[in-house]
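> Input structure: data.csv, which contains CSV, N, CA, C and O atoms.
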chain,number,residue,atom,x,y,z
A,1,MET,N,14.3,4.4,-1.3
A,1,MET,CA,13.1,5.0,-1.9
A,1,MET,C,11.9,4.0,-1.9
A,1,MET,O,12.1,2.8,-2.2
A,2,GLY,N,10.8,4.4,-1.5
A,2,GLY,CA,9.6,3.6,-1.5
A,2,GLY,C,9.5,2.5,-0.5
A,2,GLY,O,8.7,1.6,-0.6
A,3,ALA,N,10.4,2.6,0.5
A,3,ALA,CA,10.4,1.5,1.5
A,3,ALA,C,9.1,1.4,2.2
A,3,ALA,O,8.6,0.2,2.5
A,4,LYS,N,8.5,2.5,2.6
A,4,LYS,CA,7.2,2.4,3.4
A,4,LYS,C,6.1,2.0,2.5
A,4,LYS,O,5.2,1.2,2.9
A,5,LEU,N,6.1,2.4,1.2
A,5,LEU,CA,5.0,2.0,0.3
A,5,LEU,C,5.1,0.5,0.0
A,5,LEU,O,4.1,-0.2,-0.1
A,6,ASP,N,6.4,0.0,-0.1
A,6,ASP,CA,6.6,-1.4,-0.3
A,6,ASP,C,6.1,-2.2,0.9
A,6,ASP,O,5.5,-3.3,0.8
A,7,GLU,N,6.3,-1.7,2.1
A,7,GLU,CA,5.8,-2.3,3.3
A,7,GLU,C,4.3,-2.4,3.3
A,7,GLU,O,3.7,-3.4,3.7
A,8,ILE,N,3.6,-1.3,2.9
A,8,ILE,CA,2.2,-1.3,2.8
A,8,ILE,C,1.7,-2.4,1.8
A,8,ILE,O,0.8,-3.2,2.1
A,9,TYR,N,2.4,-2.5,0.7
A,9,TYR,CA,2.0,-3.5,-0.3
A,9,TYR,C,2.2,-4.9,0.3
A,9,TYR,O,1.4,-5.8,0.1
A,10,GLU,N,3.2,-5.1,1.1
A,10,GLU,CA,3.5,-6.4,1.7
A,10,GLU,C,2.4,-6.8,2.7
A,10,GLU,O,1.9,-7.9,2.7
A,11,ILE,N,2.0,-5.8,3.5
A,11,ILE,CA,0.9,-6.1,4.5
A,11,ILE,C,-0.4,-6.5,3.7
A,11,ILE,O,-1.0,-7.4,4.1
A,12,VAL,N,-0.7,-5.7,2.7
A,12,VAL,CA,-2.0,-6.0,2.0
A,12,VAL,C,-1.9,-7.3,1.3
A,12,VAL,O,-2.8,-8.1,1.3
A,13,THR,N,-0.7,-7.7,0.7
A,13,THR,CA,-0.6,-9.0,0.1
A,13,THR,C,-0.7,-10.1,1.1
A,13,THR,O,-1.4,-11.1,0.8
A,14,LYS,N,-0.1,-10.0,2.2
A,14,LYS,CA,-0.2,-11.0,3.3
A,14,LYS,C,-1.6,-11.2,3.8
A,14,LYS,O,-2.1,-12.3,4.0
A,15,LYS,N,-2.4,-10.1,4.0
A,15,LYS,CA,-3.7,-10.1,4.6
A,15,LYS,C,-4.8,-10.4,3.5
A,15,LYS,O,-5.8,-11.0,3.9
A,16,ALA,N,-4.6,-9.9,2.3
A,16,ALA,CA,-5.7,-10.0,1.3
A,16,ALA,C,-5.3,-10.7,0.0
A,16,ALA,O,-6.1,-10.8,-0.9
A,17,GLY,N,-4.1,-11.2,0.0
A,17,GLY,CA,-3.7,-12.0,-1.2
A,17,GLY,C,-3.4,-11.1,-2.4
A,17,GLY,O,-3.4,-9.9,-2.4
A,18,PHE,N,-3.3,-11.8,-3.5
A,18,PHE,CA,-3.0,-11.1,-4.8
A,18,PHE,C,-4.1,-10.2,-5.2
A,18,PHE,O,-3.9,-9.1,-5.7
A,19,LYS,N,-5.4,-10.6,-4.9
A,19,LYS,CA,-6.5,-9.7,-5.3
A,19,LYS,C,-6.4,-8.4,-4.5
A,19,LYS,O,-6.7,-7.3,-5.0
A,20,GLY,N,-6.1,-8.4,-3.3
A,20,GLY,CA,-5.9,-7.2,-2.4
A,20,GLY,C,-4.8,-6.4,-3.0
A,20,GLY,O,-4.9,-5.1,-3.0
A,21,ARG,N,-3.7,-7.0,-3.4
A,21,ARG,CA,-2.6,-6.3,-4.0
A,21,ARG,C,-3.0,-5.5,-5.3
A,21,ARG,O,-2.7,-4.4,-5.5
A,22,LEU,N,-3.8,-6.2,-6.1
A,22,LEU,CA,-4.3,-5.6,-7.3
A,22,LEU,C,-5.2,-4.4,-7.0
A,22,LEU,O,-5.2,-3.4,-7.6
A,23,ARG,N,-6.1,-4.6,-6.0
A,23,ARG,CA,-7.0,-3.5,-5.6
A,23,ARG,C,-6.2,-2.3,-5.1
A,23,ARG,O,-6.6,-1.2,-5.4
A,24,LEU,N,-5.1,-2.5,-4.4
A,24,LEU,CA,-4.3,-1.4,-3.9
A,24,LEU,C,-3.7,-0.7,-5.1
A,24,LEU,O,-3.7,0.6,-5.1
A,25,ALA,N,-3.2,-1.4,-6.1
A,25,ALA,CA,-2.7,-0.8,-7.3
A,25,ALA,C,-3.7,0.1,-8.0
A,25,ALA,O,-3.4,1.2,-8.5
A,26,VAL,N,-4.9,-0.5,-8.1
A,26,VAL,CA,-6.0,0.3,-8.8
A,26,VAL,C,-6.4,1.5,-8.0
A,26,VAL,O,-6.5,2.6,-8.6
A,27,LYS,N,-6.6,1.4,-6.7
A,27,LYS,CA,-7.0,2.5,-5.9
A,27,LYS,C,-5.9,3.6,-5.8
A,27,LYS,O,-6.3,4.8,-5.8
A,28,THR,N,-4.7,3.3,-5.8
A,28,THR,CA,-3.6,4.3,-5.7
A,28,THR,C,-3.1,4.7,-7.1
A,28,THR,O,-2.6,5.8,-7.2
A,29,GLY,N,-3.4,3.9,-8.1
A,29,GLY,CA,-2.9,4.3,-9.4
A,29,GLY,C,-1.4,4.0,-9.6
A,29,GLY,O,-0.8,4.4,-10.6
A,30,ILE,N,-0.8,3.3,-8.6
A,30,ILE,CA,0.7,3.1,-8.6
A,30,ILE,C,0.9,1.6,-8.4
A,30,ILE,O,0.7,1.1,-7.2
A,31,PRO,N,1.4,0.8,-9.4
A,31,PRO,CA,1.7,-0.6,-9.1
A,31,PRO,C,2.9,-0.7,-8.2
A,31,PRO,O,3.7,0.2,-8.0
A,32,ARG,N,3.1,-1.9,-7.7
A,32,ARG,CA,4.1,-2.2,-6.7
A,32,ARG,C,5.5,-1.9,-7.3
A,32,ARG,O,6.4,-1.3,-6.6
A,33,VAL,N,5.7,-2.3,-8.5
A,33,VAL,CA,7.0,-2.0,-9.2
A,33,VAL,C,7.4,-0.5,-9.2
A,33,VAL,O,8.5,-0.2,-8.9
A,34,LYS,N,6.4,0.3,-9.5
A,34,LYS,CA,6.6,1.7,-9.5
A,34,LYS,C,6.7,2.3,-8.1
A,34,LYS,O,7.4,3.2,-7.8
A,35,ALA,N,5.9,1.7,-7.2
A,35,ALA,CA,5.9,2.2,-5.8
A,35,ALA,C,7.2,2.2,-5.1
A,35,ALA,O,7.6,3.1,-4.4
A,36,VAL,N,8.0,1.1,-5.4
A,36,VAL,CA,9.3,1.0,-4.7
A,36,VAL,C,10.3,2.0,-5.3
A,36,VAL,O,11.3,2.3,-4.7
A,37,GLN,N,10.0,2.6,-6.4
A,37,GLN,CA,10.8,3.6,-7.0
A,37,GLN,C,10.4,5.1,-6.6
A,37,GLN,O,11.2,6.0,-6.8
A,38,GLU,N,9.2,5.2,-6.1
A,38,GLU,CA,8.7,6.5,-5.7
A,38,GLU,C,9.3,6.9,-4.4
A,38,GLU,O,9.8,6.1,-3.6
A,39,GLU,N,9.3,8.2,-4.1
A,39,GLU,CA,9.8,8.8,-2.9
A,39,GLU,C,8.7,8.6,-1.9
A,39,GLU,O,7.5,8.8,-2.2
A,40,ASP,N,9.0,8.3,-0.6
A,40,ASP,CA,8.0,8.1,0.4
A,40,ASP,C,7.6,9.5,1.0
A,40,ASP,O,8.0,9.9,2.1
A,41,THR,N,6.7,10.2,0.3
A,41,THR,CA,6.3,11.5,0.7
A,41,THR,C,5.1,11.3,1.7
A,41,THR,O,4.4,10.2,1.6
A,42,PRO,N,4.9,12.2,2.6
A,42,PRO,CA,3.8,12.0,3.6
A,42,PRO,C,2.4,11.9,2.9
A,42,PRO,O,1.6,11.1,3.3
A,43,GLU,N,2.2,12.6,1.8
A,43,GLU,CA,1.0,12.6,1.0
A,43,GLU,C,0.8,11.2,0.4
A,43,GLU,O,-0.3,10.6,0.4
A,44,LEU,N,1.8,10.7,-0.2
A,44,LEU,CA,1.7,9.4,-0.9
A,44,LEU,C,1.5,8.2,0.2
A,44,LEU,O,0.7,7.3,-0.1
A,45,ILE,N,2.2,8.3,1.3
A,45,ILE,CA,2.0,7.3,2.3
A,45,ILE,C,0.6,7.4,2.8
A,45,ILE,O,0.0,6.3,3.0
A,46,ASP,N,0.1,8.5,3.0
A,46,ASP,CA,-1.3,8.7,3.5
A,46,ASP,C,-2.3,8.1,2.5
A,46,ASP,O,-3.2,7.4,2.9
A,47,THR,N,-2.1,8.4,1.2
A,47,THR,CA,-3.0,7.8,0.2
A,47,THR,C,-2.9,6.3,0.2
A,47,THR,O,-4.0,5.6,0.2
A,48,PHE,N,-1.7,5.7,0.4
A,48,PHE,CA,-1.6,4.2,0.4
A,48,PHE,C,-2.2,3.7,1.7
A,48,PHE,O,-2.9,2.6,1.6
A,49,LYS,N,-2.0,4.3,2.8
A,49,LYS,CA,-2.6,3.8,4.1
A,49,LYS,C,-4.1,3.8,4.0
A,49,LYS,O,-4.8,2.9,4.5
A,50,LYS,N,-4.7,4.9,3.5
A,50,LYS,CA,-6.2,5.0,3.4
A,50,LYS,C,-6.7,3.9,2.5
A,50,LYS,O,-7.7,3.2,2.8
A,51,ALA,N,-6.1,3.7,1.3
A,51,ALA,CA,-6.5,2.7,0.4
A,51,ALA,C,-6.4,1.3,1.0
A,51,ALA,O,-7.3,0.4,0.9
A,52,ALA,N,-5.2,1.0,1.7
A,52,ALA,CA,-5.0,-0.3,2.3
A,52,ALA,C,-6.0,-0.6,3.4
A,52,ALA,O,-6.5,-1.7,3.5
A,53,SER,N,-6.3,0.5,4.2
A,53,SER,CA,-7.3,0.3,5.3
A,53,SER,C,-8.7,0.0,4.7
A,53,SER,O,-9.4,-0.8,5.3
A,54,GLU,N,-9.0,0.6,3.6
A,54,GLU,CA,-10.3,0.3,3.0
A,54,GLU,C,-10.4,-1.1,2.5
A,54,GLU,O,-11.4,-1.8,2.7
A,55,ILE,N,-9.3,-1.6,1.9
A,55,ILE,CA,-9.2,-2.9,1.3
A,55,ILE,C,-9.3,-4.0,2.4
A,55,ILE,O,-10.0,-5.0,2.3
A,56,LEU,N,-8.6,-3.7,3.5
A,56,LEU,CA,-8.5,-4.7,4.6
A,56,LEU,C,-9.7,-4.6,5.6
A,56,LEU,O,-9.9,-5.5,6.4
A,57,GLY,N,-10.3,-3.4,5.6
A,57,GLY,CA,-11.4,-3.2,6.6
A,57,GLY,C,-10.9,-3.0,8.0
A,57,GLY,O,-11.6,-3.1,8.9
A,58,LYS,N,-9.6,-2.6,8.1
A,58,LYS,CA,-8.9,-2.4,9.4
A,58,LYS,C,-8.0,-1.2,9.2
A,58,LYS,O,-7.5,-1.0,8.1
A,59,ASP,N,-7.7,-0.6,10.3
A,59,ASP,CA,-6.7,0.5,10.3
A,59,ASP,C,-5.3,-0.2,10.0
A,59,ASP,O,-4.8,-1.0,10.9
A,60,ILE,N,-4.7,0.2,8.9
A,60,ILE,CA,-3.4,-0.4,8.6
A,60,ILE,C,-2.3,-0.1,9.6
A,60,ILE,O,-1.3,-0.9,9.8
A,61,ASP,N,-2.4,1.0,10.3
A,61,ASP,CA,-1.4,1.4,11.3
A,61,ASP,C,-1.3,0.4,12.4
A,61,ASP,O,-0.2,0.2,13.0
A,62,LYS,N,-2.4,-0.3,12.7
A,62,LYS,CA,-2.4,-1.3,13.7
A,62,LYS,C,-1.8,-2.6,13.3
A,62,LYS,O,-1.6,-3.5,14.1
A,63,LEU,N,-1.7,-2.8,12.0
A,63,LEU,CA,-1.1,-4.1,11.4
A,63,LEU,C,0.4,-4.0,11.2
A,63,LEU,O,1.0,-5.0,11.0
A,64,SER,N,0.9,-2.8,11.1
A,64,SER,CA,2.4,-2.7,10.7
A,64,SER,C,3.2,-2.7,11.9
A,64,SER,O,2.9,-2.8,13.0
Kindly transcribe the structure held in the file into structure tokens.

Amino acid sequence: MGAKLDEIYEIVTKKAGFKGRLRLAVKTGIPRVKAVQEEDTPELIDTFKKAASEILGKDIDKLS
């Protein structure tokens, strides 16, 4: 559960540090601890990818 969401959190943390991770939590409304418990639905993954791409200024699909 939440493996893809956790992967997105990991990418953002590596590229943008703790501040980027916090911004992802704020933008998605789901902190990392809760994200790993959530089901990886296509809608949720899309929401996380969009937020992560905005934070990093790059398409996250090209970073994973």
> Which of these residues is nearest to Arg21 in chain A, using only C-alpha atoms: A:Asp46, A:Asp6, A:Glu38, A:Asp61?
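Distance minimum relative to Arg21 in chain A lands on A:Asp6.
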> Excluding same-chain residues fewer than 3 positions from Ala51 in chain A, what lies within 12 Å of it counting only C-alpha atoms, as a ChimeraX atom specification?
/A:5,8-9,12,20-30,44-48,54-60
> I need the residues from that last selection saved to file as a short mmCIF file (atom, residue, chain, number, x, y, z; two decimals), in the frame of the given file (with N, CA, C and O atoms), if you can.

data_model
loop_
_atom_site.label_atom_id
_atom_site.label_comp_id
_atom_site.auth_asym_id
_atom_site.auth_seq_id
_atom_site.Cartn_x
_atom_site.Cartn_y
_atom_site.Cartn_z
N LEU A 5 6.10 2.40 1.20
CA LEU A 5 5.00 2.00 0.30
C LEU A 5 5.10 0.50 0.00
O LEU A 5 4.10 -0.20 -0.10
N ILE A 8 3.60 -1.30 2.90
CA ILE A 8 2.20 -1.30 2.80
C ILE A 8 1.70 -2.40 1.80
O ILE A 8 0.80 -3.20 2.10
N TYR A 9 2.40 -2.50 0.70
CA TYR A 9 2.00 -3.50 -0.30
C TYR A 9 2.20 -4.90 0.30
O TYR A 9 1.40 -5.80 0.10
N VAL A 12 -0.70 -5.70 2.70
CA VAL A 12 -2.00 -6.00 2.00
C VAL A 12 -1.90 -7.30 1.30
O VAL A 12 -2.80 -8.10 1.30
N GLY A 20 -6.10 -8.40 -3.30
CA GLY A 20 -5.90 -7.20 -2.40
C GLY A 20 -4.80 -6.40 -3.00
O GLY A 20 -4.90 -5.10 -3.00
N ARG A 21 -3.70 -7.00 -3.40
CA ARG A 21 -2.60 -6.30 -4.00
C ARG A 21 -3.00 -5.50 -5.30
O ARG A 21 -2.70 -4.40 -5.50
N LEU A 22 -3.80 -6.20 -6.10
CA LEU A 22 -4.30 -5.60 -7.30
C LEU A 22 -5.20 -4.40 -7.00
O LEU A 22 -5.20 -3.40 -7.60
N ARG A 23 -6.10 -4.60 -6.00
CA ARG A 23 -7.00 -3.50 -5.60
C ARG A 23 -6.20 -2.30 -5.10
O ARG A 23 -6.60 -1.20 -5.40
N LEU A 24 -5.10 -2.50 -4.40
CA LEU A 24 -4.30 -1.40 -3.90
C LEU A 24 -3.70 -0.70 -5.10
O LEU A 24 -3.70 0.60 -5.10
N ALA A 25 -3.20 -1.40 -6.10
CA ALA A 25 -2.70 -0.80 -7.30
C ALA A 25 -3.70 0.10 -8.00
O ALA A 25 -3.40 1.20 -8.50
N VAL A 26 -4.90 -0.50 -8.10
CA VAL A 26 -6.00 0.30 -8.80
C VAL A 26 -6.40 1.50 -8.00
O VAL A 26 -6.50 2.60 -8.60
N LYS A 27 -6.60 1.40 -6.70
CA LYS A 27 -7.00 2.50 -5.90
C LYS A 27 -5.90 3.60 -5.80
O LYS A 27 -6.30 4.80 -5.80
N THR A 28 -4.70 3.30 -5.80
CA THR A 28 -3.60 4.30 -5.70
C THR A 28 -3.10 4.70 -7.10
O THR A 28 -2.60 5.80 -7.20
N GLY A 29 -3.40 3.90 -8.10
CA GLY A 29 -2.90 4.30 -9.40
C GLY A 29 -1.40 4.00 -9.60
O GLY A 29 -0.80 4.40 -10.60
N ILE A 30 -0.80 3.30 -8.60
CA ILE A 30 0.70 3.10 -8.60
C ILE A 30 0.90 1.60 -8.40
O ILE A 30 0.70 1.10 -7.20
N LEU A 44 1.80 10.70 -0.20
CA LEU A 44 1.70 9.40 -0.90
C LEU A 44 1.50 8.20 0.20
O LEU A 44 0.70 7.30 -0.10
N ILE A 45 2.20 8.30 1.30
CA ILE A 45 2.00 7.30 2.30
C ILE A 45 0.60 7.40 2.80
O ILE A 45 0.00 6.30 3.00
N ASP A 46 0.10 8.50 3.00
CA ASP A 46 -1.30 8.70 3.50
C ASP A 46 -2.30 8.10 2.50
O ASP A 46 -3.20 7.40 2.90
N THR A 47 -2.10 8.40 1.20
CA THR A 47 -3.00 7.80 0.20
C THR A 47 -2.90 6.30 0.20
O THR A 47 -4.00 5.60 0.20
N PHE A 48 -1.70 5.70 0.40
CA PHE A 48 -1.60 4.20 0.40
C PHE A 48 -2.20 3.70 1.70
O PHE A 48 -2.90 2.60 1.60
N GLU A 54 -9.00 0.60 3.60
CA GLU A 54 -10.30 0.30 3.00
C GLU A 54 -10.40 -1.10 2.50
O GLU A 54 -11.40 -1.80 2.70
N ILE A 55 -9.30 -1.60 1.90
CA ILE A 55 -9.20 -2.90 1.30
C ILE A 55 -9.30 -4.00 2.40
O ILE A 55 -10.00 -5.00 2.30
N LEU A 56 -8.60 -3.70 3.50
CA LEU A 56 -8.50 -4.70 4.60
C LEU A 56 -9.70 -4.60 5.60
O LEU A 56 -9.90 -5.50 6.40
N GLY A 57 -10.30 -3.40 5.60
CA GLY A 57 -11.40 -3.20 6.60
C GLY A 57 -10.90 -3.00 8.00
O GLY A 57 -11.60 -3.10 8.90
N LYS A 58 -9.60 -2.60 8.10
CA LYS A 58 -8.90 -2.40 9.40
C LYS A 58 -8.00 -1.20 9.20
O LYS A 58 -7.50 -1.00 8.10
N ASP A 59 -7.70 -0.60 10.30
CA ASP A 59 -6.70 0.50 10.30
C ASP A 59 -5.30 -0.20 10.00
O ASP A 59 -4.80 -1.00 10.90
N ILE A 60 -4.70 0.20 8.90
CA ILE A 60 -3.40 -0.40 8.60
C ILE A 60 -2.30 -0.10 9.60
O ILE A 60 -1.30 -0.90 9.80
#
> If you measure from CA of Lys15 in chain A to CA of Thr41 in chain A, what distance in Å do you get, rounded to one decimal?
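It comes out at 24.1 Å.
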> Which centre and which edge lengths, in Å to one decimal, describe the axis-aligned box that holds all listed atoms of range 2-8 of chain A after 8 Å is added on each side, as JSON?

{"center_x": 5.8, "center_y": 0.5, "center_z": 1.1, "size_x": 26.0, "size_y": 23.8, "size_z": 21.2}
> Going by DSSP on the backbone, which bits of chain A are alpha helix (DSSP H)? Write them as a count of residues only, please.
45
> Go ahead and compute the interatomic distance for atom O of Lys14 in chain A and atom O of Gln37 in chain A, in Å to one decimal.
25.1 Å
> Tell me, in Å to one decimal, how far atom O of Pro31 in chain A is from atom C of Ala3 in chain A.
11.6 Å
> Here is a test: counting only C-alpha atoms, which residue of A:Val33, A:Gly2, A:Ala16, A:Asp40 is nearest to Ala52 in chain A?
A:Ala16
> Please determine, counting all atoms listed in the file, which residue among A:Val36, A:Leu63, A:Glu43, A:Lys50 has the shortest atom-to-atom distance to Ile11 in chain A.
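Closest to Ile11 in chain A of all the choices is A:Leu63.
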